[in-house]
Amino acid sequence: MPPAGGGGRKARSEAVAGKISKAAAKPKAGGDGRPVLLSGGNPQIAKGYGEEPVRAYIAAMPGWKSALGARLDALIGAAVTGVRKAVKWNSPLYGVEDDHWFLGIHVFTGYVKVAFFRGAALDPVPPGSSRQKDVRYLDIHEDDELDEAQFTAWVKQAAALPGETM
């Protein structure tokens, strides 16, 4: 929800992002110094805006998922000029406007889930349904071949839709 008072939201958001980003680049570490992995292997990364927390999340993704996360991040960045990035609720989020997100990524035990927050409006609609009427998912397993052209088309379409505030 945008702050009361209207104007200046972007300036306030950037100021907040600057404060959060410095701390957020460091993932929460377990006793061995590595990031804590939550249930399903999802990295526990502090909330933050920008490249650093997203890079920290991707680096902490276990096994093959890290390379996939890096590839998804690169495809999203190439498809959407000036894409905004953040980590919230231990998931990287992507948007075209501050605090309005079109896509999120989350790690589970056997796969990586990409959430298109307005996915029901995409053509074709991504295959994974949701209890939320607008959300659609793409689940990517280790042996799946990512259709990069289709994924990029979905990202471009999703970025053109109104973002979800979170």
# chains A, B, ... in the order shown; residues from 1 in each chain; ligands from 1

call {"tool": "residues_around", "arguments": {"residues": "Phe117 of chain A", "least_positions_apart": "4", "cutoff": "10 Å", "atoms": "only C-alpha atoms", "output": "list in words"}}
result
Trp101, Phe102, Leu103, Gly104, Ala121, Gln132, Lys133, Asp134, Val135, Arg136, Tyr137, Ala158, Leu161, Pro162, Gly163, Glu164 and Thr165 of chain A

call {"tool": "select_by_dssp", "arguments": {"residues": "segment 38-103 of chain A", "states": "alpha helix (DSSP H)", "output": "VMD selection string"}}
result
chain A and resid 51 to 60 64 to 79

call {"tool": "write_last_selection", "arguments": {"atoms": "N, CA, C and O atoms", "output": "mmCIF file, in the first residue's frame"}}
result
data_model
loop_
_atom_site.group_PDB
_atom_site.id
_atom_site.type_symbol
_atom_site.label_atom_id
_atom_site.label_comp_id
_atom_site.auth_asym_id
_atom_site.auth_seq_id
_atom_site.Cartn_x
_atom_site.Cartn_y
_atom_site.Cartn_z
ATOM 1 N N GLU A 51 20.458 -5.075 -6.193
ATOM 2 C CA GLU A 51 21.201 -6.245 -6.688
ATOM 3 C C GLU A 51 21.786 -7.098 -5.565
ATOM 4 O O GLU A 51 21.767 -8.316 -5.636
ATOM 5 N N GLU A 52 22.356 -6.454 -4.548
ATOM 6 C CA GLU A 52 23.115 -7.190 -3.533
ATOM 7 C C GLU A 52 22.312 -8.273 -2.820
ATOM 8 O O GLU A 52 22.771 -9.415 -2.728
ATOM 9 N N PRO A 53 21.126 -7.972 -2.283
ATOM 10 C CA PRO A 53 20.399 -9.053 -1.604
ATOM 11 C C PRO A 53 19.948 -10.154 -2.565
ATOM 12 O O PRO A 53 19.919 -11.325 -2.187
ATOM 13 N N VAL A 54 19.631 -9.801 -3.804
ATOM 14 C CA VAL A 54 19.232 -10.824 -4.776
ATOM 15 C C VAL A 54 20.434 -11.709 -5.110
ATOM 16 O O VAL A 54 20.319 -12.935 -5.167
ATOM 17 N N ARG A 55 21.594 -11.111 -5.304
ATOM 18 C CA ARG A 55 22.815 -11.911 -5.548
ATOM 19 C C ARG A 55 23.115 -12.827 -4.368
ATOM 20 O O ARG A 55 23.517 -13.978 -4.547
ATOM 21 N N ALA A 56 22.939 -12.308 -3.146
ATOM 22 C CA ALA A 56 23.185 -13.122 -1.947
ATOM 23 C C ALA A 56 22.218 -14.303 -1.901
ATOM 24 O O ALA A 56 22.609 -15.429 -1.569
ATOM 25 N N TYR A 57 20.966 -14.058 -2.239
ATOM 26 C CA TYR A 57 19.971 -15.134 -2.275
ATOM 27 C C TYR A 57 20.380 -16.192 -3.300
ATOM 28 O O TYR A 57 20.389 -17.391 -3.001
ATOM 29 N N ILE A 58 20.697 -15.761 -4.512
ATOM 30 C CA ILE A 58 21.057 -16.697 -5.578
ATOM 31 C C ILE A 58 22.294 -17.506 -5.199
ATOM 32 O O ILE A 58 22.334 -18.720 -5.391
ATOM 33 N N ALA A 59 23.295 -16.854 -4.628
ATOM 34 C CA ALA A 59 24.512 -17.557 -4.213
ATOM 35 C C ALA A 59 24.214 -18.597 -3.140
ATOM 36 O O ALA A 59 24.890 -19.630 -3.059
ATOM 37 N N ALA A 60 23.207 -18.353 -2.306
ATOM 38 C CA ALA A 60 22.866 -19.273 -1.221
ATOM 39 C C ALA A 60 21.909 -20.381 -1.638
ATOM 40 O O ALA A 60 21.688 -21.323 -0.877
ATOM 41 N N TRP A 64 22.127 -27.241 -7.765
ATOM 42 C CA TRP A 64 21.811 -26.824 -9.129
ATOM 43 C C TRP A 64 20.918 -25.589 -9.171
ATOM 44 O O TRP A 64 20.878 -24.870 -10.168
ATOM 45 N N LYS A 65 20.220 -25.327 -8.081
ATOM 46 C CA LYS A 65 19.260 -24.222 -8.040
ATOM 47 C C LYS A 65 19.951 -22.864 -8.149
ATOM 48 O O LYS A 65 19.380 -21.917 -8.687
ATOM 49 N N SER A 66 21.188 -22.768 -7.676
ATOM 50 C CA SER A 66 21.915 -21.502 -7.755
ATOM 51 C C SER A 66 22.185 -21.107 -9.209
ATOM 52 O O SER A 66 21.993 -19.948 -9.594
ATOM 53 N N ALA A 67 22.622 -22.058 -10.023
ATOM 54 C CA ALA A 67 22.866 -21.772 -11.441
ATOM 55 C C ALA A 67 21.557 -21.400 -12.139
ATOM 56 O O ALA A 67 21.524 -20.480 -12.969
ATOM 57 N N LEU A 68 20.469 -22.090 -11.785
ATOM 58 C CA LEU A 68 19.168 -21.755 -12.358
ATOM 59 C C LEU A 68 18.750 -20.357 -11.925
ATOM 60 O O LEU A 68 18.284 -19.560 -12.745
ATOM 61 N N GLY A 69 18.919 -20.038 -10.656
ATOM 62 C CA GLY A 69 18.569 -18.706 -10.164
ATOM 63 C C GLY A 69 19.333 -17.619 -10.893
ATOM 64 O O GLY A 69 18.772 -16.587 -11.261
ATOM 65 N N ALA A 70 20.627 -17.856 -11.131
ATOM 66 C CA ALA A 70 21.443 -16.881 -11.860
ATOM 67 C C ALA A 70 20.944 -16.728 -13.295
ATOM 68 O O ALA A 70 20.902 -15.609 -13.828
ATOM 69 N N ARG A 71 20.536 -17.829 -13.910
ATOM 70 C CA ARG A 71 20.039 -17.768 -15.291
ATOM 71 C C ARG A 71 18.705 -17.020 -15.341
ATOM 72 O O ARG A 71 18.486 -16.179 -16.225
ATOM 73 N N LEU A 72 17.806 -17.304 -14.417
ATOM 74 C CA LEU A 72 16.521 -16.602 -14.374
ATOM 75 C C LEU A 72 16.733 -15.109 -14.162
ATOM 76 O O LEU A 72 16.124 -14.278 -14.841
ATOM 77 N N ASP A 73 17.621 -14.758 -13.235
ATOM 78 C CA ASP A 73 17.923 -13.361 -12.951
ATOM 79 C C ASP A 73 18.462 -12.659 -14.200
ATOM 80 O O ASP A 73 18.055 -11.540 -14.511
ATOM 81 N N ALA A 74 19.354 -13.330 -14.922
ATOM 82 C CA ALA A 74 19.927 -12.744 -16.141
ATOM 83 C C ALA A 74 18.850 -12.565 -17.219
ATOM 84 O O ALA A 74 18.811 -11.530 -17.897
ATOM 85 N N LEU A 75 17.969 -13.550 -17.385
ATOM 86 C CA LEU A 75 16.904 -13.451 -18.378
ATOM 87 C C LEU A 75 15.940 -12.312 -18.030
ATOM 88 O O LEU A 75 15.518 -11.553 -18.910
ATOM 89 N N ILE A 76 15.605 -12.182 -16.765
ATOM 90 C CA ILE A 76 14.702 -11.115 -16.336
ATOM 91 C C ILE A 76 15.356 -9.758 -16.573
ATOM 92 O O ILE A 76 14.737 -8.842 -17.112
ATOM 93 N N GLY A 77 16.629 -9.630 -16.206
ATOM 94 C CA GLY A 77 17.346 -8.373 -16.406
ATOM 95 C C GLY A 77 17.467 -7.992 -17.871
ATOM 96 O O GLY A 77 17.368 -6.811 -18.225
ATOM 97 N N ALA A 78 17.656 -8.989 -18.739
ATOM 98 C CA ALA A 78 17.760 -8.715 -20.179
ATOM 99 C C ALA A 78 16.405 -8.358 -20.785
ATOM 100 O O ALA A 78 16.328 -7.576 -21.731
ATOM 101 N N ALA A 79 15.327 -8.902 -20.230
ATOM 102 C CA ALA A 79 13.999 -8.683 -20.786
ATOM 103 C C ALA A 79 13.373 -7.362 -20.346
ATOM 104 O O ALA A 79 12.546 -6.804 -21.073
#

call {"tool": "closest_residue", "arguments": {"among": "A:Lys47, A:Lys156, A:Lys88, A:Arg118", "to": "His106 of chain A", "atoms": "only C-alpha atoms"}}
result
A:Lys88

call {"tool": "atom_distance", "arguments": {"atom1": "atom CA of Leu138 of chain A", "atom2": "atom CA of Ala120 of chain A"}}
result
12.1 Å

call {"tool": "residues_around", "arguments": {"residues": "Gly41 of chain A", "least_positions_apart": "3", "cutoff": "7 Å", "atoms": "only C-alpha atoms", "output": "MDAnalysis selection string"}}
result
chainID A and resid 37:38 62 107:109
